Amino acid sequence: MSSPVIIICGPTATGKSDLALEVAELIDGEIINADSMQLYKGMDIGTAKLSVDERNGIPHHLLDILTVEEDASVAQYQALARAAVDEIRTRNKAAIIVGGTGLYIKSIIDEMNFPETDPELRKKLESEAELLGAAELYSRLRLLDPEAAAAIEPANTRRIIRALEVIEVTGQPYSANLPSDTSLRYPDALHIGLAMERSSLAPRIEARVHRMWQSGLVAEVDSLIEAGLLRGSTAQRAIGYAQVIAMRNGEISESKAIEETIVATRQYVRRQETWFKRDPRIQWIGEDQPRLAFINQRLNS
């Protein structure tokens with residue numbers, strides 16, 4: 001299989017989806033989603049998921065494969081994504097992996113261990129999280145494994161618990177079980193990162209959040225609550241969705257929900273930048289560079 005594998009990654013709001021479409025049209029490729037929240041059916045506006053019409057006839061894989069009641073699993077995603085890459089390439093098409101969830105991208109291209117779970121330990125940590133709060137467990141993780149803590153959202157209790165569980169079960173840092181930067185699965189993959197100055201990205205984020213509200217994010221969350229959003233532990237924590245839920249619970253005003261969504265998105269962008277900048281394979285494209293020409297040149301060099 002000589003068809004290329006291309007990764008287009010980088011922070012939120014840098015234009016990854018649009019560039020992926022241009023690349024797919026240029027080299028006859030298909031797109032594989034690597035955004036953990038775009039896996040969910042119905043989570044469209046808040047994740048900036050391209051509509052079917054916006055996809056310009058380009059096949060997209062691993063969108064809308066989970067209900068909001070289900071919890072996303074990196075191990076499950078890895079198996080599905082690798083199968084999609086291989087199937088696309090057997091048809092002599094390029095596989096274009098696109099998204100901002102760094103761990104999901106790495107699970108496709110690098111070797112990655114999935115340590116066994118310990119149900120009793122998991123239950124103990126879950127009880128501690130309820131009693132002490134996620135912030136306390138996150139502080140513990142920062143002491144035990146700063147690298148893992150940098151890659152996990154402070155409010156993501158499920159992943160914090162999993163990291164602490166792995167540390168205790170294996171006796172190693174959770175980050176030791178993360179993939180290395182040696183791509184064993186697809187060694188010839190082209191890694192592209194989209195970079196943008198904070199001064200340019202900040203207004204894009206703000207405009208994006210306001211656009212989501214104007215496009216009906218609140219109504220989308222309302223419908224997803226009826227579909228079971230609050231019964232799952234992953235989807236309801238997504239940026240934007242969590243803030244609308246808090247608004248609906250009377251905890252914050254709508255203006256505060258919008259403000260907190262903008263702040264949370266900026267914080268997420270900083271975590272994404274930290275994650276991706278650790279990978280030396282990524283070739284970065286600045287906001288003023290001709291992106292499509294840059295990729296085309298790399299493919300033909």
# chains A, B, ... in the order shown; residues from 1 in each chain; ligands from 1
>>> residues_around(residues="A:Gly286", least_positions_apart="4", cutoff="7 Å", atoms="only C-alpha atoms", output="JSON, numbers by chain")
{"A": [194, 195, 196]}
>>> select_by_dssp(residues="stretch 12-212 of chain A", states="strand (DSSP E or B)", output="ChimeraX atom specification")
/A:29-33,40,60-61,66,94-98,190-194
>>> write_last_selection(atoms="C-alpha atoms", output="mmCIF file, in the first residue's frame")
data_model
loop_
_atom_site.group_PDB
_atom_site.id
_atom_site.type_symbol
_atom_site.label_atom_id
_atom_site.label_comp_id
_atom_site.auth_asym_id
_atom_site.auth_seq_id
_atom_site.Cartn_x
_atom_site.Cartn_y
_atom_site.Cartn_z
ATOM 1 C CA GLY A 29 -8.059 11.131 -0.389
ATOM 2 C CA GLU A 30 -10.562 10.290 2.310
ATOM 3 C CA ILE A 31 -10.742 11.849 5.755
ATOM 4 C CA ILE A 32 -10.574 10.121 9.138
ATOM 5 C CA ASN A 33 -11.841 12.111 12.098
ATOM 6 C CA TYR A 40 -20.798 11.579 18.963
ATOM 7 C CA HIS A 60 -15.423 11.072 6.106
ATOM 8 C CA HIS A 61 -14.820 8.224 8.534
ATOM 9 C CA LEU A 66 -21.273 6.878 19.409
ATOM 10 C CA ALA A 94 -4.762 8.728 0.567
ATOM 11 C CA ALA A 95 -5.793 8.496 4.211
ATOM 12 C CA ILE A 96 -5.995 11.954 5.794
ATOM 13 C CA ILE A 97 -6.220 11.933 9.593
ATOM 14 C CA VAL A 98 -7.594 15.241 10.853
ATOM 15 C CA LEU A 190 3.428 13.083 6.684
ATOM 16 C CA HIS A 191 2.783 15.010 9.908
ATOM 17 C CA ILE A 192 1.444 18.531 9.347
ATOM 18 C CA GLY A 193 0.642 20.991 12.116
ATOM 19 C CA LEU A 194 -1.249 24.248 11.688
#
>>> atom_distance(atom1="atom CA of A:Asp71", atom2="atom CA of A:Ser233")
6.5 Å
>>> closest_residue(among="A:Leu224, A:Ile252, A:Leu131, A:Ala202", to="A:Gln236", atoms="only C-alpha atoms")
A:Leu224
>>> residues_around(residues="stretch 253-270 of chain A", least_positions_apart="4", cutoff="7 Å", atoms="only C-alpha atoms", output="compact mmCIF listing (two decimals) with C-alpha atoms, in the first residue's frame")
# COMPACT_ATOMS: atom_id res chain seq x y z
CA PRO A 11 -5.10 23.67 17.96
CA THR A 12 -8.81 24.33 17.69
CA ILE A 205 -12.08 31.47 18.98
CA GLU A 206 -14.37 34.21 20.24
CA VAL A 209 -18.14 30.48 20.06
CA ILE A 239 -16.48 22.42 25.90
CA GLY A 240 -19.64 24.40 25.21
CA GLN A 243 -21.40 25.36 29.95
CA VAL A 244 -24.89 25.10 28.45
CA MET A 247 -26.77 27.37 32.36
CA THR A 274 1.87 21.76 24.51
>>> atom_distance(atom1="atom CA of A:Glu69", atom2="atom CA of A:Leu230")
7.4 Å
>>> select_by_dssp(residues="stretch 92-268 of chain A", states="helix (DSSP H, G or I)", output="ChimeraX atom specification")
/A:102-109,119-132,134-144,146-150,157-170,174-177,198-214,217-226,229-231,235-237,241-248,254-268
>>> closest_residue(among="A:Gly171, A:Gly133, A:Gly250, A:Gly42", to="A:Asp64", atoms="only C-alpha atoms")
A:Gly42
>>> residues_around(residues="A:Ile65", least_positions_apart="6", cutoff="9 Å", atoms="only C-alpha atoms", output="PyMOL selection string")
chain A and resi 38-41
>>> atom_distance(atom1="atom CA of A:Ala150", atom2="atom CA of A:Lys49")
25.8 Å
>>> closest_residue(among="A:Met37, A:Gly102, A:Ile88, A:Glu22", to="A:Gly57", atoms="only C-alpha atoms")
A:Glu22
>>> closest_residue(among="A:Ala235, A:Ala219, A:Ile58, A:Leu132", to="A:Arg248", atoms="only C-alpha atoms")
A:Ala219
>>> residues_around(residues="stretch 141-147 of chain A", least_positions_apart="2", cutoff="9 Å", atoms="only C-alpha atoms", output="PyMOL selection string")
chain A and resi 136-139+149-151+160-161+163-164+167+173-175
>>> write_last_selection(atoms="N, CA and C atoms", output="PDB file, in the first residue's frame")
ATOM      1  N   GLU A 136      -8.619  17.770  43.503  1.00  0.00           N
ATOM      2  CA  GLU A 136      -7.686  17.104  44.419  1.00  0.00           C
ATOM      3  C   GLU A 136      -6.961  15.962  43.725  1.00  0.00           C
ATOM      4  N   LEU A 137      -7.707  15.163  42.947  1.00  0.00           N
ATOM      5  CA  LEU A 137      -7.079  14.061  42.221  1.00  0.00           C
ATOM      6  C   LEU A 137      -6.145  14.578  41.134  1.00  0.00           C
ATOM      7  N   TYR A 138      -6.531  15.686  40.515  1.00  0.00           N
ATOM      8  CA  TYR A 138      -5.677  16.259  39.483  1.00  0.00           C
ATOM      9  C   TYR A 138      -4.357  16.753  40.089  1.00  0.00           C
ATOM     10  N   SER A 139      -4.431  17.343  41.277  1.00  0.00           N
ATOM     11  CA  SER A 139      -3.209  17.787  41.969  1.00  0.00           C
ATOM     12  C   SER A 139      -2.306  16.597  42.270  1.00  0.00           C
ATOM     13  N   ALA A 149      -0.426  14.896  33.369  1.00  0.00           N
ATOM     14  CA  ALA A 149      -1.345  15.949  33.798  1.00  0.00           C
ATOM     15  C   ALA A 149      -1.465  17.040  32.744  1.00  0.00           C
ATOM     16  N   ALA A 150      -0.361  17.342  32.067  1.00  0.00           N
ATOM     17  CA  ALA A 150      -0.382  18.386  31.041  1.00  0.00           C
ATOM     18  C   ALA A 150      -1.249  18.000  29.856  1.00  0.00           C
ATOM     19  N   ALA A 151      -1.451  16.707  29.662  1.00  0.00           N
ATOM     20  CA  ALA A 151      -2.220  16.224  28.511  1.00  0.00           C
ATOM     21  C   ALA A 151      -3.680  15.962  28.839  1.00  0.00           C
ATOM     22  N   ILE A 160      -8.464  11.376  34.560  1.00  0.00           N
ATOM     23  CA  ILE A 160      -7.592  11.540  35.724  1.00  0.00           C
ATOM     24  C   ILE A 160      -7.564  10.249  36.540  1.00  0.00           C
ATOM     25  N   ILE A 161      -8.743   9.681  36.764  1.00  0.00           N
ATOM     26  CA  ILE A 161      -8.835   8.418  37.506  1.00  0.00           C
ATOM     27  C   ILE A 161      -8.100   7.314  36.777  1.00  0.00           C
ATOM     28  N   ALA A 163      -5.570   7.598  34.732  1.00  0.00           N
ATOM     29  CA  ALA A 163      -4.129   7.822  34.835  1.00  0.00           C
ATOM     30  C   ALA A 163      -3.599   7.390  36.196  1.00  0.00           C
ATOM     31  N   LEU A 164      -4.311   7.747  37.258  1.00  0.00           N
ATOM     32  CA  LEU A 164      -3.892   7.349  38.605  1.00  0.00           C
ATOM     33  C   LEU A 164      -3.958   5.833  38.774  1.00  0.00           C
ATOM     34  N   ILE A 167      -0.938   4.309  37.006  1.00  0.00           N
ATOM     35  CA  ILE A 167       0.279   4.548  37.787  1.00  0.00           C
ATOM     36  C   ILE A 167       0.395   3.530  38.919  1.00  0.00           C
ATOM     37  N   PRO A 173       4.900   5.838  35.510  1.00  0.00           N
ATOM     38  CA  PRO A 173       4.068   6.997  35.153  1.00  0.00           C
ATOM     39  C   PRO A 173       3.080   6.626  34.049  1.00  0.00           C
ATOM     40  N   TYR A 174       1.933   7.245  34.091  1.00  0.00           N
ATOM     41  CA  TYR A 174       0.943   7.016  33.035  1.00  0.00           C
ATOM     42  C   TYR A 174       1.535   7.383  31.676  1.00  0.00           C
ATOM     43  N   SER A 175       2.355   8.434  31.656  1.00  0.00           N
ATOM     44  CA  SER A 175       2.950   8.878  30.397  1.00  0.00           C
ATOM     45  C   SER A 175       3.880   7.832  29.806  1.00  0.00           C
TER      46      SER A 175
END
>>> closest_residue(among="A:Glu70, A:Arg82, A:Arg158, A:Asn113", to="A:Ala129", atoms="only C-alpha atoms")
A:Arg158
>>> closest_residue(among="A:Ala75, A:Ala207, A:Ala242, A:Cys9", to="A:Gln272", atoms="only C-alpha atoms")
A:Cys9
